[in-house]
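Accompanying notes for the structure given below.
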Amino acid sequence: MKSYLPRAARNYLEQLRRALDFLSEQERKQVLEQTREEIHRLPDGGRRKRELISMLGEPVARARKFERTEPEDLEVRSGKHFLTRILAWPIFALALLTVIVVLFAPPQQALIGTRGLDKFLSSGQGWLAGLEEAIGSQLIWLAFIPVVFSLLPLWLNGVLGQILQILGAVAMSAVCLGGGILPMYFIPVTLLLWAQVFTPMLMMRGSMARPGPGWLVAAAVLLVACIGLATYQGMASFAGPQWLVLAPAAVLAVLAGLLPTRWKAAHVALVAAGLLVMAAGFVAAQPGTYNAVLLWPWLAGGLSFALAHLAVAAGMWHERARKLLALF
């Protein structure tokens, strides 16, 4: 049976267990289980001590590979930087796209339908309206806040960098609550800015940390709800065939439902689908096409991109941690 191990193999595992006393109990169990699986794959199943030493090394030497100096050095020097980097560049790209939309998208306030949200999107509400009256077109510089703060963590480490990250996320949250249509375009990138603050801290709680099923299910449910709301609002003022709205929404909803599966291909597909929906919405919003409301596909696609990218980043960190600990 696969669970049976010869005496030589059992002795080897016992020596390895004692040599791994610098690891936590959970980490020690993971290393021993992986070693056990490697032994089962040996030609003679670990019956000879000489073969065990030849293939796996001395127990003490094998244990030395898992000394905390290596993962701790990685965590201090590059672990947080790794997570920050895989978050920063997509946030930077999305922030630039948002700036382009804010600068060049056609005016659409008059196109907002009357399905319950128009009172929240009135251009006359919010503190941004008063600020615009005071400083005029200079208000557009607010759009560049996420562009700058998305890349700051790559060069600023420690407490100062984290404080600036939080300030950037808080500033963009205030912009999103400023009233009117344009601030709502910044909701996806603001979500990513907050993720850039908390994800490294949460993911580095342990060497194998990853989002639990509850987080993934909650993210999938909220994303499907947002896609449904955006689709409902978008169809109200869309002059073209309804399937042009329903088909992309259905694809996004299906891929969003696959978030809890941890299937990397589905997460990458959701990233791509979100970007395509945002691009298609921009084309459909032009006066020469359907003159559609860009806000709704932008929110559906942007939020899909944001949550899927976080899932991809979590998977990359988990895979990296497994390789570091030689547990696969």
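Labels for the structure tokens follow display order: chains A, B, ..., residues from 1 in each chain, ligands from 1.
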For this session: Name all residues at most 12 Å from region 193-198 of chain A (count only C-alpha atoms; drop same-chain ones fewer than 4 positions away) and give them as a ChimeraX atom specification.
Result: /A:80-92,94-95,145-154,159,161-173,186-189,202-205,306-307,309-311,313-314
Problem set entry | Neighbour list for Val102 (chain A) as an MDAnalysis selection string, cut-off 8 Å, only C-alpha atoms, skip fewer than 2 positions in-chain | chainID A and resid 98:100 104:105 143 182 185
Problem set entry | Proximity to Gln15 (chain A) - best of A:Arg48, A:Glu58, A:Ala230, A:Leu42, only C-alpha atoms |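 Closest candidate: A:Glu58.
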Problem set entry | Residue contacts of region 224-228 of chain A (10 Å, only C-alpha atoms) excluding same-chain residues fewer than 4 positions away, as a PyMOL selection string | chain A and resi 218-220+232-234+246+248-250+252-257+296-297+299-301+303-304
